[in-house]
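Coordinates as given in model39.cif (mmCIF, C-alpha atoms):
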```cif
data_final
#
loop_
_atom_site.label_atom_id
_atom_site.label_comp_id
_atom_site.auth_asym_id
_atom_site.auth_seq_id
_atom_site.Cartn_x
_atom_site.Cartn_y
_atom_site.Cartn_z
CA PRO A 136 126.54 76.90 103.98
CA THR A 137 128.06 75.18 100.99
CA SER A 138 128.26 71.52 100.12
CA THR A 139 130.17 69.16 97.90
CA PRO A 140 128.56 67.63 94.80
CA GLY A 141 126.06 64.94 95.70
CA THR A 142 125.81 66.02 99.33
CA GLU A 143 123.87 69.27 99.23
CA THR A 144 122.74 70.60 102.56
CA THR A 145 119.59 72.61 102.05
CA VAL A 146 118.84 75.31 104.60
CA PRO A 147 115.20 76.28 105.18
CA ALA A 148 114.39 79.80 104.05
CA THR A 149 113.82 80.90 107.63
CA GLU A 150 117.50 80.24 108.36
CA THR A 151 118.96 82.19 105.46
CA SER A 152 119.95 85.80 105.82
CA ALA A 153 118.10 87.07 102.79
CA SER A 154 115.41 84.76 101.47
CA PRO A 155 112.51 86.24 99.50
CA SER A 156 108.84 85.54 99.91
CA PRO A 157 107.46 83.23 97.22
CA THR A 158 107.40 85.04 93.91
CA ALA A 159 104.33 87.11 93.03
CA PRO A 160 102.02 85.81 90.28
CA VAL A 161 103.60 85.74 86.84
CA VAL A 162 101.64 87.78 84.31
CA LEU A 163 102.11 86.19 80.93
CA GLU A 164 102.06 89.32 78.80
CA GLU A 165 104.31 90.64 76.04
CA GLY A 166 107.83 91.02 77.42
CA GLU A 167 107.02 89.24 80.69
CA PHE A 168 108.45 85.92 81.89
CA ARG A 169 107.07 83.01 79.91
CA TYR A 170 107.85 79.32 80.20
CA ASP A 171 107.51 78.02 76.65
CA GLY A 172 106.44 74.54 77.70
CA LEU A 173 103.54 75.66 79.89
CA ASP A 174 100.34 73.63 79.52
CA THR A 175 97.41 74.62 81.71
CA SER A 176 94.65 72.95 79.66
CA TRP A 177 94.20 70.21 82.26
CA ILE A 178 94.05 72.57 85.25
CA ASP A 179 90.72 73.26 86.99
CA PRO A 180 91.14 76.74 88.53
CA SER A 181 88.31 76.06 90.97
CA LYS A 182 90.26 73.28 92.68
CA PRO A 183 93.21 73.66 95.08
CA MET A 184 96.73 73.33 93.72
CA ILE A 185 100.07 72.43 95.27
CA ALA A 186 103.37 72.68 93.39
CA PHE A 187 105.78 69.78 93.65
CA THR A 188 109.37 70.88 92.99
CA PHE A 189 112.51 68.75 92.87
CA ASP A 190 116.06 70.11 93.28
CA ASP A 191 119.54 68.71 92.53
CA GLY A 192 118.90 66.64 89.42
CA PRO A 193 119.62 65.13 87.08
CA GLY A 194 120.93 62.00 88.78
CA GLY A 195 123.78 59.78 87.75
CA ALA A 196 126.38 62.56 87.76
CA TYR A 197 129.61 62.68 89.75
CA GLY A 198 129.55 58.88 89.99
CA GLY A 199 126.55 58.99 92.32
CA SER A 200 124.05 56.21 92.94
CA ASP A 201 120.99 58.38 92.25
CA GLN A 202 120.66 57.72 88.52
CA GLU A 203 117.23 56.09 88.65
CA THR A 204 115.42 58.18 91.25
CA GLY A 205 114.60 61.11 88.98
CA MET A 206 113.19 58.77 86.35
CA ARG A 207 111.13 56.95 88.99
CA ILE A 208 109.68 60.24 90.20
CA GLN A 209 108.82 61.30 86.67
CA GLN A 210 107.08 57.98 86.03
CA ALA A 211 105.00 58.32 89.21
CA LEU A 212 103.94 61.84 88.20
CA LYS A 213 103.02 60.71 84.69
CA ASP A 214 101.02 57.74 86.00
CA ALA A 215 99.09 60.06 88.33
CA GLY A 216 98.45 62.70 85.66
CA ALA A 217 100.32 65.24 87.79
CA HIS A 218 102.90 67.87 86.87
CA ALA A 219 105.99 69.16 88.69
CA THR A 220 109.07 71.33 88.32
CA PHE A 221 112.61 69.96 88.26
CA PHE A 222 115.35 72.43 89.21
CA TYR A 223 118.45 71.12 87.47
CA ILE A 224 122.15 71.74 88.17
CA GLY A 225 124.05 72.68 85.02
CA SER A 226 127.24 70.73 85.68
CA LYS A 227 125.20 67.59 86.27
CA ILE A 228 123.35 68.06 82.98
CA ALA A 229 126.71 68.45 81.24
CA SER A 230 128.14 65.30 82.84
CA GLY A 231 126.86 62.88 80.20
CA ASP A 232 124.13 61.48 77.98
CA THR A 233 122.29 59.76 80.85
CA SER A 234 121.81 63.05 82.66
CA LYS A 235 120.70 64.81 79.50
CA ALA A 236 118.21 62.01 78.81
CA GLU A 237 116.57 62.58 82.20
CA VAL A 238 116.06 66.26 81.41
CA LYS A 239 114.80 65.45 77.91
CA GLN A 240 112.26 63.02 79.31
CA ALA A 241 110.99 65.67 81.72
CA VAL A 242 110.44 68.02 78.78
CA ASP A 243 108.80 65.34 76.63
CA TRP A 244 106.42 64.38 79.44
CA GLY A 245 105.31 67.96 80.00
CA PHE A 246 107.08 68.72 83.26
CA GLU A 247 108.67 72.10 83.88
CA ILE A 248 112.46 72.27 83.84
CA ALA A 249 114.19 75.07 85.72
CA ASN A 250 117.59 76.44 86.77
CA HIS A 251 119.30 75.46 90.05
CA SER A 252 122.64 77.12 89.18
CA TYR A 253 125.64 75.40 87.64
CA ASP A 254 126.90 73.68 90.81
CA TYR A 255 126.10 73.30 94.50
CA ASP A 256 128.02 76.38 95.64
CA GLY A 257 125.88 79.06 97.24
CA LEU A 258 125.46 82.29 95.27
CA ASN A 259 124.41 84.53 98.16
CA ASN A 260 128.03 85.71 98.56
CA ALA A 261 128.86 85.68 94.85
CA THR A 262 129.53 88.65 92.59
CA ALA A 263 127.06 89.71 89.93
CA GLU A 264 129.44 88.43 87.25
CA MET A 265 129.68 84.99 88.84
CA ILE A 266 125.91 84.80 89.27
CA GLU A 267 125.30 85.72 85.65
CA GLU A 268 127.87 83.20 84.42
CA LYS A 269 126.47 80.24 86.35
CA LEU A 270 122.85 80.95 85.48
CA SER A 271 123.69 81.60 81.83
CA LYS A 272 125.62 78.33 81.49
CA THR A 273 122.73 76.35 82.97
CA ASP A 274 120.09 78.17 80.92
CA LYS A 275 122.08 77.37 77.78
CA LEU A 276 122.12 73.66 78.59
CA LEU A 277 118.40 73.67 79.37
CA SER A 278 117.69 75.52 76.13
CA GLU A 279 119.75 73.09 74.06
CA ILE A 280 117.66 70.20 75.34
CA SER A 281 114.23 71.83 75.38
CA GLY A 282 114.31 74.57 72.77
CA TYR A 283 112.85 76.88 75.42
CA SER A 284 114.39 80.22 76.34
CA SER A 285 113.20 81.22 79.83
CA PHE A 286 113.42 79.30 83.09
CA LEU A 287 112.54 79.81 86.74
CA PHE A 288 115.44 79.89 89.20
CA ARG A 289 115.89 78.52 92.69
CA ALA A 290 119.22 79.08 94.40
CA PRO A 291 121.40 76.37 95.92
CA ASN A 292 120.54 76.13 99.63
CA VAL A 293 117.60 78.47 98.85
CA ALA A 294 119.90 81.29 99.95
CA TYR A 295 119.47 84.70 98.33
CA SER A 296 121.17 88.10 98.53
CA ASP A 297 120.57 91.66 97.44
CA THR A 298 123.08 91.14 94.62
CA MET A 299 121.06 88.17 93.41
CA PHE A 300 117.82 90.17 93.55
CA GLU A 301 119.45 92.92 91.49
CA THR A 302 121.14 90.60 88.98
CA ILE A 303 118.76 87.75 88.24
CA LYS A 304 115.92 88.53 85.85
CA ALA A 305 114.04 85.24 86.20
CA PRO A 306 111.50 84.73 89.02
CA LEU A 307 113.32 83.60 92.19
CA ILE A 308 111.57 80.64 93.77
CA ASP A 309 111.37 80.00 97.50
CA VAL A 310 109.78 77.11 99.46
CA SER A 311 106.68 77.01 101.65
CA ASN A 312 106.67 73.31 102.57
CA TRP A 313 109.84 71.35 103.32
CA SER A 314 109.85 67.59 102.81
CA ASN A 315 113.21 67.54 104.65
CA ASP A 316 114.26 64.69 102.36
CA TRP A 317 117.79 66.13 102.21
CA GLN A 318 118.39 64.95 105.79
CA SER A 319 119.88 61.46 105.79
CA SER A 320 117.98 60.59 108.97
CA VAL A 321 114.56 61.39 107.46
CA THR A 322 112.59 58.29 106.44
CA THR A 323 110.10 57.82 103.62
CA GLU A 324 107.28 57.88 106.16
CA GLN A 325 108.51 61.18 107.63
CA ILE A 326 108.68 62.75 104.18
CA ILE A 327 105.07 61.71 103.61
CA THR A 328 104.00 63.18 106.96
CA ASN A 329 105.84 66.45 106.30
CA VAL A 330 104.37 66.96 102.84
CA LYS A 331 100.80 66.04 103.83
CA ARG A 332 100.82 69.34 105.76
CA ALA A 333 100.98 71.30 102.48
CA LYS A 334 97.98 73.46 101.66
CA ASP A 335 96.54 75.18 98.63
CA GLY A 336 99.15 77.38 96.93
CA ASP A 337 102.16 75.85 98.67
CA ILE A 338 105.48 75.12 96.96
CA VAL A 339 106.86 71.79 98.21
CA ASN A 340 110.60 71.17 98.16
CA PHE A 341 111.97 67.72 97.36
CA HIS A 342 115.25 66.46 95.93
CA SER A 343 114.99 64.16 92.94
CA THR A 344 118.24 62.40 93.89
CA GLN A 345 116.82 60.85 97.07
CA VAL A 346 115.59 57.25 97.09
CA THR A 347 113.28 58.03 100.01
CA THR A 348 111.67 60.74 97.91
CA ALA A 349 111.10 58.38 94.99
CA GLU A 350 109.44 56.02 97.47
CA ALA A 351 107.26 58.75 99.01
CA VAL A 352 105.99 60.48 95.88
CA PRO A 353 103.46 57.83 94.70
CA THR A 354 101.83 57.75 98.14
CA LEU A 355 101.66 61.54 98.26
CA LEU A 356 100.18 61.77 94.77
CA ALA A 357 97.45 59.30 95.72
CA TYR A 358 96.77 61.15 98.98
CA PHE A 359 96.36 64.57 97.38
CA LYS A 360 94.22 63.15 94.59
CA GLU A 361 91.85 61.79 97.23
CA GLN A 362 91.79 65.27 98.79
CA GLY A 363 90.86 66.86 95.46
CA VAL A 364 94.20 68.70 95.22
CA GLN A 365 95.91 69.16 91.86
CA ILE A 366 99.69 68.63 91.81
CA VAL A 367 101.12 71.20 89.41
CA SER A 368 104.36 72.71 88.20
CA ASN A 369 105.77 75.78 89.93
CA ILE A 370 104.84 78.27 87.23
CA VAL A 371 101.17 77.27 87.46
CA SER A 372 101.08 77.88 91.22
CA LEU A 373 102.62 81.37 91.06
#
```
Mind turning this structure into structure tokens?
Amino acid sequence: PTSTPGTETTVPATETSASPSPTAPVVLEEGEFRYDGLDTSWIDPSKPMIAFTFDDGPGGAYGGSDQETGMRIQQALKDAGAHATFFYIGSKIASGDTSKAEVKQAVDWGFEIANHSYDYDGLNNATAEMIEEKLSKTDKLLSEISGYSSFLFRAPNVAYSDTMFETIKAPLIDVSNWSNDWQSSVTTEQIITNVKRAKDGDIVNFHSTQVTTAEAVPTLLAYFKEQGVQIVSNIVSL
């Protein structure tokens, strides 16, 4: 399915026609994928890790009311000493200085920034040329802000196709735990309950434009800290 800006409908991977398994471990060798901003010095490899990932940012674009939620989420992560990955939409980055500032803050605070295509339109029925264009435009915007050159990719609606597998060179990221925060009927408490089910190695899907998510994240960070679980960026968990 497709959706209009600001009203993305995310479809769990089990409901898409061609969704990959979570990407295999990234080997950081010469010529391999490398996220330039990666910092693993604080990670204890003997402890469990869960990746928190946030789609649909930055906020404040298209005249939406979600301008502050991404910043609130970033602040909660920083306060907890946790990391995360933010999958950004290119057209929202390009919408103005406020959106760019949110991405810049994520970079400055050591979070991973990643590609969520240029708009909300699904790419699973797109041509190779269209796929390349949308990813390239978003990568360029991310590079201009960060100075980095390589970014993970998660598709709108987490919907993939053989053409995407053949065309996209970056690791394609799936989801193993759904917060379900994209559903308007889901409360902050339900998001917390859903995400508490995550286990070591899981990739949790949130949306940084949701107020309920901004409300849930501090509680979840405190919960997993008590459990001895490290909250990390996506690239660390792969």
Measuring between all atoms listed in the file, which one of A:Thr273, A:Thr204, A:Thr328, A:Thr344 shows the shortest distance to Tyr253 of chain A?
A:Thr273
Give as an MDAnalysis selection string each residue that has an atom at most 9 Å from (115.9, 73.5, 85.5) in the file, counting only C-alpha atoms.
chainID A and resid 190 192 220:225 238 247:252 273:274 277 286:289
May I ask which of the residues A:Phe187, A:Trp177, A:Trp244, A:Tyr283 is the closest one to His342 of chain A, counting only C-alpha atoms?
A:Phe187
For a quick check of understanding, using all atoms listed in the file, which of A:Val242, A:Thr175, A:Lys275, A:Ala349 has the smallest distance to Glu324 of chain A?
A:Ala349
Select, from A:Ser284, A:Thr348, A:Ser230, A:Ser181, the residue with the minimum atom-to-atom distance to Gln209 of chain A, counting all atoms listed in the file.
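The shortest atom-to-atom distance to Gln209 of chain A comes from A:Thr348.
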Rounded to one decimal, what separation in Å do you get between atom CA of Val293 of chain A and atom CA of Asp191 of chain A?
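Computing it gives 11.8 Å between the two atoms.
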So, with all atoms listed in the file as the atoms that count, which of A:Thr298, A:Ser234, A:Ser226, A:Gln210 lies closest to Ala261 of chain A?
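The answer is A:Thr298, which sits nearest to Ala261 of chain A.
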